[in-house]
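Peer 1: Have a peek at final_0.txt (compact mmCIF, C-alpha atoms).
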```
# COMPACT_ATOMS: atom_id res chain seq x y z
CA MET V 1 0.00 0.00 0.00
CA GLN V 2 1.50 3.28 -1.06
CA LEU V 3 0.51 6.61 0.41
CA LYS V 4 -1.66 8.15 -2.28
CA ARG V 5 -1.38 11.66 -0.88
CA SER V 6 1.73 12.73 0.96
CA TYR V 7 2.39 16.08 2.55
CA SER V 8 4.19 18.51 0.27
CA PRO V 9 7.88 17.58 0.47
CA PHE V 10 9.17 20.33 2.70
CA ILE V 11 6.86 23.09 3.89
CA SER V 12 3.96 20.98 5.07
CA TRP V 13 6.08 18.41 6.83
CA PHE V 14 8.23 21.12 8.38
CA VAL V 15 5.18 22.96 9.65
CA LEU V 16 3.79 19.73 11.06
CA VAL V 17 7.07 19.09 12.86
CA LEU V 18 7.14 22.67 14.12
CA ALA V 19 3.60 22.27 15.41
CA ALA V 20 4.53 19.17 17.35
CA VAL V 21 7.55 20.94 18.84
CA MET V 22 5.42 23.89 19.91
CA LEU V 23 2.98 21.58 21.65
CA VAL V 24 5.62 20.70 24.20
CA ALA V 25 6.55 24.23 25.17
CA VAL V 26 6.53 23.31 28.85
CA GLY V 27 9.06 20.53 28.39
CA ILE V 28 11.32 21.82 25.62
CA CYS V 29 11.06 25.54 24.94
CA ARG V 30 11.85 26.18 28.60
CA GLY V 31 14.37 23.32 28.73
CA LYS V 32 12.54 21.43 31.49
CA VAL V 33 11.86 17.73 31.86
CA ILE V 34 8.16 16.92 31.99
CA SER V 35 7.20 15.07 35.13
CA LYS V 36 6.39 11.38 34.95
CA ASN V 37 2.86 11.82 36.20
CA GLU V 38 2.09 13.80 33.07
CA ALA V 39 2.87 10.73 30.96
CA ALA V 40 -0.51 9.26 31.83
CA HIS V 41 -2.24 10.61 28.77
CA HIS V 42 -5.98 10.91 29.36
CA SER V 43 -8.02 8.34 27.41
CA THR V 44 -4.98 6.74 25.77
CA ASN V 45 -2.75 3.80 26.59
CA THR V 46 0.90 4.82 26.52
CA GLY V 47 2.26 2.17 28.89
CA GLY V 48 4.88 0.91 26.43
CA LEU V 49 6.24 4.39 25.71
CA GLN V 50 8.82 6.39 27.62
CA PRO V 51 7.41 7.91 30.84
CA GLY V 52 7.44 11.70 30.73
CA SER V 53 7.98 11.89 26.97
CA PRO V 54 5.86 14.74 25.57
CA TRP V 55 5.78 13.29 22.04
CA PRO V 56 7.18 9.73 21.94
CA MET V 57 5.99 8.56 18.50
CA LEU V 58 3.96 9.23 15.36
CA GLN V 59 0.82 11.26 16.23
CA HIS V 60 1.89 11.08 19.90
CA ASP V 61 0.56 7.66 20.97
CA PRO V 62 -0.44 4.18 19.71
CA GLN V 63 -4.00 5.46 19.22
CA HIS V 64 -2.68 8.27 16.94
CA THR V 65 -4.75 10.92 18.73
CA GLY V 66 -2.43 13.82 17.81
CA ARG V 67 -2.86 15.24 21.33
CA GLY V 68 0.22 16.22 23.33
CA ILE V 69 0.80 16.87 27.03
CA GLY V 70 2.61 20.19 26.67
CA GLY V 71 1.01 23.39 27.85
CA GLY V 72 1.14 25.26 24.55
CA ALA V 73 3.35 27.85 22.88
CA LYS V 74 3.48 31.63 22.43
CA GLY V 75 4.21 31.41 18.73
CA VAL V 76 7.67 32.97 19.01
CA LEU V 77 10.51 31.28 17.15
CA MET V 78 13.14 30.16 19.66
CA TRP V 79 15.56 28.36 17.34
CA LYS V 80 15.81 26.36 14.15
CA TYR V 81 18.19 23.62 13.10
CA ARG V 82 19.05 22.73 9.50
CA CYS V 83 19.33 19.03 8.79
CA GLY V 84 21.31 17.73 5.81
CA ASP V 85 18.22 17.54 3.60
CA GLU V 86 14.44 17.76 3.71
CA ILE V 87 12.55 16.31 6.67
CA ASP V 88 10.00 13.70 5.65
CA SER V 89 9.43 11.93 8.95
CA ASP V 90 7.49 12.89 12.04
CA LEU V 91 9.48 13.55 15.18
CA ALA V 92 9.69 11.93 18.60
CA ILE V 93 10.67 13.79 21.76
CA SER V 94 12.19 12.14 24.81
CA SER V 95 11.57 12.97 28.46
CA ASP V 96 14.80 15.00 28.62
CA GLY V 97 13.73 17.14 25.65
CA THR V 98 15.88 15.48 22.97
CA ILE V 99 14.19 15.62 19.54
CA PHE V 100 14.62 12.68 17.16
CA VAL V 101 13.79 13.15 13.48
CA GLY V 102 14.82 11.56 10.17
CA SER V 103 16.07 13.44 7.11
CA ASP V 104 16.34 12.72 3.39
CA ASP V 105 20.12 12.62 3.82
CA GLY V 106 19.63 9.22 5.49
CA ASN V 107 20.45 10.35 9.03
CA LEU V 108 18.48 10.04 12.22
CA TYR V 109 19.13 13.31 14.08
CA ALA V 110 19.10 13.77 17.84
CA ILE V 111 18.74 17.48 18.61
CA ASN V 112 19.02 19.01 22.06
CA HIS V 113 16.16 21.11 23.44
CA ASN V 114 18.22 24.27 22.79
CA GLY V 115 18.51 23.48 19.07
CA THR V 116 22.05 22.09 19.03
CA LEU V 117 23.06 18.74 17.56
CA LYS V 118 23.44 15.93 20.06
CA TRP V 119 24.30 13.23 17.48
CA LYS V 120 23.29 11.84 14.12
CA TYR V 121 23.34 8.26 12.90
CA GLN V 122 22.94 6.34 9.65
CA ASP V 123 23.75 2.80 8.56
CA ASN V 124 26.98 2.70 6.51
CA ASN V 125 26.51 6.16 5.01
CA GLN V 126 23.49 5.23 2.94
CA ASP V 127 22.46 8.55 1.39
CA LEU V 128 18.80 7.55 1.05
CA PRO V 129 15.76 9.29 2.55
CA LEU V 130 14.94 8.24 6.10
CA LEU V 131 11.15 8.14 6.04
CA SER V 132 10.56 6.07 9.15
CA ASN V 133 9.09 7.82 12.15
CA PRO V 134 11.05 7.08 15.34
CA ALA V 135 9.36 5.84 18.52
CA ILE V 136 10.72 5.91 22.08
CA GLY V 137 10.10 2.92 24.34
CA SER V 138 9.61 2.85 28.10
CA ASN V 139 13.26 1.77 28.48
CA GLY V 140 14.46 4.85 26.55
CA SER V 141 15.34 2.91 23.39
CA ILE V 142 14.70 4.67 20.07
CA TYR V 143 13.11 2.34 17.51
CA VAL V 144 13.46 3.32 13.86
CA PHE V 145 13.89 1.83 10.39
CA LEU V 146 17.26 2.73 8.84
CA ASN V 147 18.38 2.15 5.26
CA SER V 148 20.45 -1.00 4.93
CA ALA V 149 24.00 -1.10 3.62
CA SER V 150 22.89 -3.61 0.98
CA GLY V 151 20.43 -1.06 -0.43
CA GLY V 152 16.81 -1.61 -1.38
CA ARG V 153 15.70 -2.43 2.15
CA SER V 154 15.50 -0.99 5.64
CA ASP V 155 16.27 -2.69 8.93
CA LEU V 156 14.67 -2.20 12.31
CA TYR V 157 17.08 -0.69 14.84
CA ALA V 158 16.91 -0.22 18.58
CA LEU V 159 19.30 2.58 19.54
CA LYS V 160 20.30 3.63 23.02
CA PRO V 161 19.93 7.33 23.93
CA ASN V 162 23.71 7.70 23.46
CA CYS V 163 23.46 6.50 19.81
CA LYS V 164 24.86 3.02 20.49
CA ILE V 165 23.15 0.09 18.76
CA LYS V 166 21.19 -2.07 21.16
CA TRP V 167 20.02 -4.55 18.50
CA TRP V 168 18.88 -4.60 14.90
CA ILE V 169 16.78 -6.93 12.74
CA LYS V 170 17.19 -7.45 9.03
CA SER V 171 14.27 -6.44 6.86
CA GLY V 172 13.77 -10.05 5.76
CA ASN V 173 12.51 -10.68 9.28
CA VAL V 174 10.65 -7.39 9.50
CA GLY V 175 8.97 -6.99 6.13
CA SER V 176 9.53 -4.70 3.17
CA PRO V 177 8.87 -1.90 2.54
CA PRO V 178 8.99 -1.04 6.23
CA TRP V 179 6.62 1.21 8.08
CA SER V 180 7.15 3.11 11.24
CA PRO V 181 7.30 0.98 14.39
CA VAL V 182 4.46 1.28 16.90
CA ILE V 183 4.91 0.41 20.57
CA GLY V 184 2.12 -1.31 22.46
CA PRO V 185 1.17 -0.93 26.13
CA ASN V 186 3.43 -3.80 27.29
CA GLY V 187 6.43 -2.64 25.28
CA THR V 188 5.70 -4.89 22.30
CA ILE V 189 6.97 -3.40 19.02
CA TYR V 190 4.70 -3.84 16.00
CA THR V 191 5.78 -3.57 12.36
CA VAL V 192 3.72 -4.12 9.23
CA SER V 193 4.36 -5.24 5.66
CA ASP V 194 2.60 -8.26 4.19
CA TYR V 195 2.75 -9.45 7.78
CA LEU V 196 1.83 -7.83 11.06
CA ILE V 197 4.77 -8.74 13.29
CA ALA V 198 5.16 -8.40 17.05
CA PHE V 199 8.60 -8.18 18.72
CA ASN V 200 9.42 -7.99 22.41
CA PRO V 201 11.67 -5.15 23.67
CA LYS V 202 14.73 -7.40 23.21
CA GLY V 203 14.05 -7.76 19.48
CA VAL V 204 12.74 -11.34 19.66
CA MET V 205 9.74 -12.12 17.44
CA LYS V 206 6.62 -13.04 19.42
CA TRP V 207 4.33 -13.80 16.46
CA LYS V 208 3.40 -12.70 12.95
CA TYR V 209 0.11 -12.67 11.08
CA ASN V 210 -0.08 -12.98 7.29
CA LEU V 211 -2.21 -10.12 5.98
CA GLY V 212 -1.85 -11.27 2.37
CA GLY V 213 -0.93 -7.74 1.28
CA LEU V 214 0.76 -4.58 2.46
CA GLY V 215 -0.87 -3.21 5.59
CA SER V 216 -0.86 0.25 7.13
CA VAL V 217 0.92 1.51 10.22
CA PRO V 218 -1.08 -0.05 13.06
CA ALA V 219 -3.01 1.68 15.80
CA ILE V 220 -3.47 0.05 19.18
CA GLY V 221 -6.58 0.30 21.32
CA SER V 222 -6.58 0.73 25.09
CA ASP V 223 -7.45 -2.97 25.41
CA GLY V 224 -4.41 -3.96 23.32
CA THR V 225 -6.31 -4.70 20.09
CA ILE V 226 -4.16 -3.93 17.02
CA TYR V 227 -5.82 -2.27 14.03
CA THR V 228 -4.30 -2.18 10.55
CA ILE V 229 -5.73 -1.52 7.07
CA LEU V 230 -5.15 -3.77 4.08
CA GLU V 231 -5.82 -2.43 0.60
CA SER V 232 -6.38 -4.79 -2.33
CA ASP V 233 -5.13 -3.42 -5.66
CA GLU V 234 -7.04 -6.09 -7.57
CA THR V 235 -10.55 -5.62 -6.20
CA ASP V 236 -10.37 -2.01 -4.89
CA ALA V 237 -11.52 -3.49 -1.58
CA CYS V 238 -10.17 -2.23 1.70
CA TYR V 239 -10.15 -4.23 4.93
CA LEU V 240 -9.72 -2.98 8.46
CA TYR V 241 -8.34 -5.78 10.62
CA ALA V 242 -8.77 -5.99 14.37
CA ILE V 243 -6.16 -8.41 15.73
CA LYS V 244 -5.83 -9.65 19.30
CA GLN V 245 -2.61 -9.40 21.29
CA ASN V 246 -1.93 -13.10 20.63
CA GLY V 247 -1.91 -12.54 16.84
CA THR V 248 -5.35 -13.95 16.00
CA VAL V 249 -8.09 -12.08 14.13
CA LYS V 250 -10.88 -10.52 16.16
CA TRP V 251 -12.86 -9.20 13.17
CA LYS V 252 -12.39 -7.42 9.85
CA PHE V 253 -14.46 -4.73 8.14
CA LYS V 254 -14.70 -4.42 4.35
CA THR V 255 -15.18 -1.21 2.39
CA HIS V 256 -13.82 0.30 -0.83
CA GLY V 257 -11.28 3.02 -1.55
CA ASP V 258 -7.62 3.91 -1.30
CA VAL V 259 -5.93 4.11 2.07
CA SER V 260 -3.66 7.07 2.70
CA PHE V 261 -3.09 7.03 6.46
CA PRO V 262 -3.19 4.68 9.43
CA PRO V 263 -6.34 4.27 11.52
CA THR V 264 -6.87 6.40 14.61
CA ILE V 265 -8.72 5.58 17.81
CA GLY V 266 -10.85 8.03 19.74
CA PRO V 267 -11.23 8.35 23.53
CA ASN V 268 -14.47 6.34 23.37
CA GLY V 269 -12.72 3.42 21.64
CA SER V 270 -14.19 4.09 18.20
CA ILE V 271 -11.89 3.44 15.24
CA TYR V 272 -11.57 6.08 12.53
CA VAL V 273 -10.40 5.39 8.97
CA GLU V 274 -9.78 8.01 6.27
CA LEU V 275 -10.29 6.76 2.69
CA HIS V 276 -10.04 8.16 -0.84
CA LYS V 277 -12.54 7.25 -3.55
CA LEU V 278 -12.75 8.21 -7.23
CA LEU V 279 -16.34 8.84 -8.33
CA ASN V 280 -17.13 10.15 -11.82
CA TYR V 281 -13.53 11.40 -12.15
CA HIS V 282 -13.82 13.36 -8.88
CA ASP V 283 -11.66 12.74 -5.84
CA LEU V 284 -13.71 12.17 -2.71
CA TYR V 285 -12.32 11.74 0.79
CA TYR V 286 -14.24 10.09 3.61
CA LEU V 287 -13.85 9.57 7.32
CA PHE V 288 -15.42 6.35 8.61
CA ALA V 289 -16.20 5.76 12.29
CA LEU V 290 -16.47 2.15 13.42
CA LYS V 291 -17.59 0.69 16.73
CA GLN V 292 -15.28 -1.59 18.68
CA ASN V 293 -17.20 -4.61 17.36
CA GLY V 294 -16.42 -3.65 13.74
CA THR V 295 -19.79 -2.20 12.71
CA LEU V 296 -20.14 1.17 10.98
CA LYS V 297 -21.24 4.16 13.08
CA TRP V 298 -21.17 6.95 10.49
CA GLU V 299 -19.21 8.44 7.61
CA ILE V 300 -18.59 12.01 6.48
CA LYS V 301 -17.11 13.48 3.29
CA ASN V 302 -14.26 15.89 2.48
CA VAL V 303 -11.84 14.85 5.21
CA SER V 304 -8.35 15.51 3.90
CA TYR V 305 -6.20 13.91 6.61
CA PRO V 306 -6.50 11.87 9.82
CA PRO V 307 -8.30 13.56 12.71
CA ALA V 308 -7.09 14.54 16.17
CA PHE V 309 -9.05 14.27 19.42
CA ASP V 310 -9.23 16.44 22.49
CA ALA V 311 -9.67 15.09 26.02
CA ASN V 312 -13.46 15.49 25.78
CA GLY V 313 -13.76 13.38 22.64
CA THR V 314 -14.28 16.20 20.14
CA ILE V 315 -12.91 15.24 16.72
CA TYR V 316 -10.94 17.80 14.71
CA TYR V 317 -10.09 17.46 11.03
CA VAL V 318 -9.13 19.64 8.08
CA SER V 319 -10.81 19.65 4.69
CA ASN V 320 -9.75 20.67 1.20
CA ASP V 321 -12.21 23.58 1.47
CA GLY V 322 -9.73 25.28 3.84
CA TYR V 323 -11.73 24.79 7.03
CA LEU V 324 -10.90 23.21 10.35
CA TYR V 325 -13.92 21.20 11.52
CA ALA V 326 -14.92 20.19 15.04
CA ILE V 327 -17.45 17.38 15.30
CA ASN V 328 -18.73 15.34 18.22
CA ALA V 329 -18.49 11.58 18.61
CA GLU V 330 -21.85 11.12 16.84
CA GLY V 331 -20.46 12.75 13.69
CA THR V 332 -22.49 15.96 13.89
CA LEU V 333 -20.93 19.41 13.41
CA LYS V 334 -20.01 21.53 16.44
CA TRP V 335 -18.27 24.33 14.54
CA LYS V 336 -15.96 25.07 11.65
CA PHE V 337 -13.23 27.68 11.25
CA TYR V 338 -11.73 28.93 8.00
CA VAL V 339 -7.94 28.66 8.08
CA SER V 340 -6.49 28.99 4.59
CA LYS V 341 -7.29 28.34 0.94
CA HIS V 342 -3.92 26.63 0.69
CA GLY V 343 -3.43 22.99 1.60
CA LEU V 344 -3.64 22.15 5.30
CA VAL V 345 -1.89 19.45 7.31
CA PRO V 346 -3.40 17.34 10.10
CA PRO V 347 -4.16 19.20 13.33
CA ALA V 348 -2.32 18.62 16.61
CA ILE V 349 -3.73 19.53 20.01
CA GLY V 350 -2.03 20.87 23.13
CA LYS V 351 -2.88 20.05 26.73
CA ASN V 352 -4.70 23.38 27.08
CA GLY V 353 -6.96 22.50 24.11
CA THR V 354 -5.29 24.78 21.55
CA ILE V 355 -5.50 23.30 18.03
CA TYR V 356 -2.41 23.78 15.86
CA VAL V 357 -2.80 23.60 12.06
CA GLY V 358 -0.10 24.11 9.43
CA SER V 359 -0.70 25.33 5.89
CA ASP V 360 1.14 25.14 2.58
CA ASN V 361 1.27 28.93 2.72
CA GLY V 362 4.08 28.52 5.25
CA TYR V 363 2.14 29.58 8.35
CA LEU V 364 1.32 27.75 11.56
CA TYR V 365 -2.07 28.60 13.08
CA ALA V 366 -3.06 28.29 16.74
CA ILE V 367 -6.83 28.13 17.21
CA LYS V 368 -8.83 28.16 20.44
```
Spell out the structure here as structure tokens.

Peer 2:
Amino acid sequence: MQLKRSYSPFISWFVLVLAAVMLVAVGICRGKVISKNEAAHHSTNTGGLQPGSPWPMLQHDPQHTGRGIGGGAKGVLMWKYRCGDEIDSDLAISSDGTIFVGSDDGNLYAINHNGTLKWKYQDNNQDLPLLSNPAIGSNGSIYVFLNSASGGRSDLYALKPNCKIKWWIKSGNVGSPPWSPVIGPNGTIYTVSDYLIAFNPKGVMKWKYNLGGLGSVPAIGSDGTIYTILESDETDACYLYAIKQNGTVKWKFKTHGDVSFPPTIGPNGSIYVELHKLLNYHDLYYLFALKQNGTLKWEIKNVSYPPAFDANGTIYYVSNDGYLYAINAEGTLKWKFYVSKHGLVPPAIGKNGTIYVGSDNGYLYAIK
């Protein structure tokens, strides 16, 4: 499954990264470590992630809520750091404020909270884009896919905070092409290709499930259920799989369309899937809401990217009409706010409820 719609190569991704950094103003912009009791993210299960980390993985947590624990930002630029090439991965931020992000020069960068370089690492100087999003485990290990010296594949690495290799697994045992690792509540690391594979924190495979095709980055519910989307190129069918922690199928839901992003899980346990459909030569984008038993709750049109959720369960998403939408869990509109006629990137939400949205016009917006 290829991403049908990626963010614009530089501006959109950079703004998204900047938004995530600004969300953790309490922990990074002031150079302070966030306390461990703040790691208990309301309505999410982050038990396998590093305690006190303000942004430990893609979209913050295994549910992909896009909601951080930082107090917000004043919108004043404090520093900027130039990597060796464009940034096409999301970032992860450790409890001590170190920022981990991949660049198209093939390096994983570790940047101090004051904007200085801590270290950078790549496998045998492979000058290939590093697209994998890093994730930080409860033991402080940084899990990321790095380009292999043999070329044409990426291997799963566990790096210590000091840049030393803890262990690595060849892509033949991980799957290819690789997706970003996701860490479950008990520290289990999940990767997806044609197989959904579970590894323990020591890099030992626990089980794998044959999806029969390339799956999406998984999302993990508070009960440990793993959700991944399989797209069939032959039938245009799309399947959302719900898989138990022991690697057996709980249920699967069939629909039609192209998958662009991983599923997300709301505070009430509902699963949300964003799909693209082509109807009469027109591109249509839908957001589906499913119950935990795999039945459809509702669907809405013109949803450009995955949603984010606040602590009260309100769902925020951007549309290609330039608006930021707020809807309740039943799928009905609460309000909408016009942001920009230019392309928007997925929203991210601070602890104080501020919604941050980036635009292809180069601006970052903070909305109450």

Peer 1: Compare V:Asn268, V:Asn328, V:Asn147, V:Thr188 by their minimum atom-to-atom distance to Leu130 in chain V, counting all atoms listed in the file, and give me the closest one.

Peer 2: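 Closest residue, counting all atoms listed in the file: V:Asn147.
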
Peer 1: List as a PyMOL selection string the protein and nucleic acid residues near Ala366 in chain V, meaning an atom at most 7 Å away when all atoms listed in the file are counted, but skip any in the same chain fewer than 6 places from it.

Peer 2: chain V and resi 354-357

Peer 1: Set up a box along x, y and z of the file covering all listed atoms of range 262-275 of chain V, add 6 Å on every one of the six sides, and write the centre and edge lengths in Å to one decimal, as lines of an AutoDock Vina configuration file.

Peer 2:
```
center_x = -8.8
center_y = 5.9
center_z = 13.1
size_x = 23.3
size_y = 16.9
size_z = 32.8
```

Peer 1: Can you work out which one of V:Gly350, V:Leu364, V:Leu296, V:Tyr323 has the shortest atom-to-atom distance to Trp55 in chain V, counting all atoms listed in the file?

Peer 2: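 Result for the nearest residue to Trp55 in chain V: V:Gly350.
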
Peer 1: So, counting only C-alpha atoms, which residue among V:Val318, V:Ile169, V:Ile99, V:Ile142 is closest to Asp155 in chain V?

Peer 2: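 Checking each of V:Val318, V:Ile169, V:Ile99, V:Ile142 against Asp155 in chain V, counting only C-alpha atoms, the winner is V:Ile169.
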
Peer 1: Name the residues in contact with Ile197 in chain V at a cut-off of 8 Å, using all atoms listed in the file, excluding same-chain residues fewer than 6 positions from it; report them as a list of chain:residue names.

Peer 2: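 With the cut-off at 8 Å, the set is V:Val174, V:Tyr190, V:Thr191, V:Met205, V:Lys206, V:Trp207, V:Lys208, V:Tyr209.
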
Peer 1: Counting only C-alpha atoms, I want the residues whose atoms come within 10 Å of (16.8, 11.0, 12.4) in the file frame, returned as number ranges by chain.

Peer 2: V: 83, 87-92, 99-111, 119-122, 130-134, 144-146

Peer 1: Enter the distance from CA of Met57 in chain V to CA of Thr225 in chain V, in Å, rounded to one decimal.

Peer 2: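 Interatomic distance here is 18.2 Å.
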
Peer 1: Counting only C-alpha atoms, figure out which residue out of V:Ile265, V:Ile136, V:Ile229, V:Ile315 gets nearest to Gly48 in chain V.

Peer 2: V:Ile136

Peer 1: Interatomic distance between CA of Tyr241 in chain V and CA of His64 in chain V?

Peer 2: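 It comes out at 16.4 Å.
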
Peer 1: Could you check which of V:Ile300, V:Ala219, V:Cys163, V:Ile183 is closest to Ile243 in chain V, using only C-alpha atoms?

Peer 2: V:Ala219

Peer 1: I'd like the interatomic distance between CA of Gly213 in chain V and CA of Cys238 in chain V, to a tenth of an Å.

Peer 2: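 According to the coordinates, CA of Gly213 in chain V and CA of Cys238 in chain V are separated by 10.8 Å.
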
Peer 1: Which of these residues is nearest to Val273 in chain V, using all atoms listed in the file: V:Thr98, V:Tyr239, V:Lys250, V:Ser193?

Peer 2: V:Tyr239
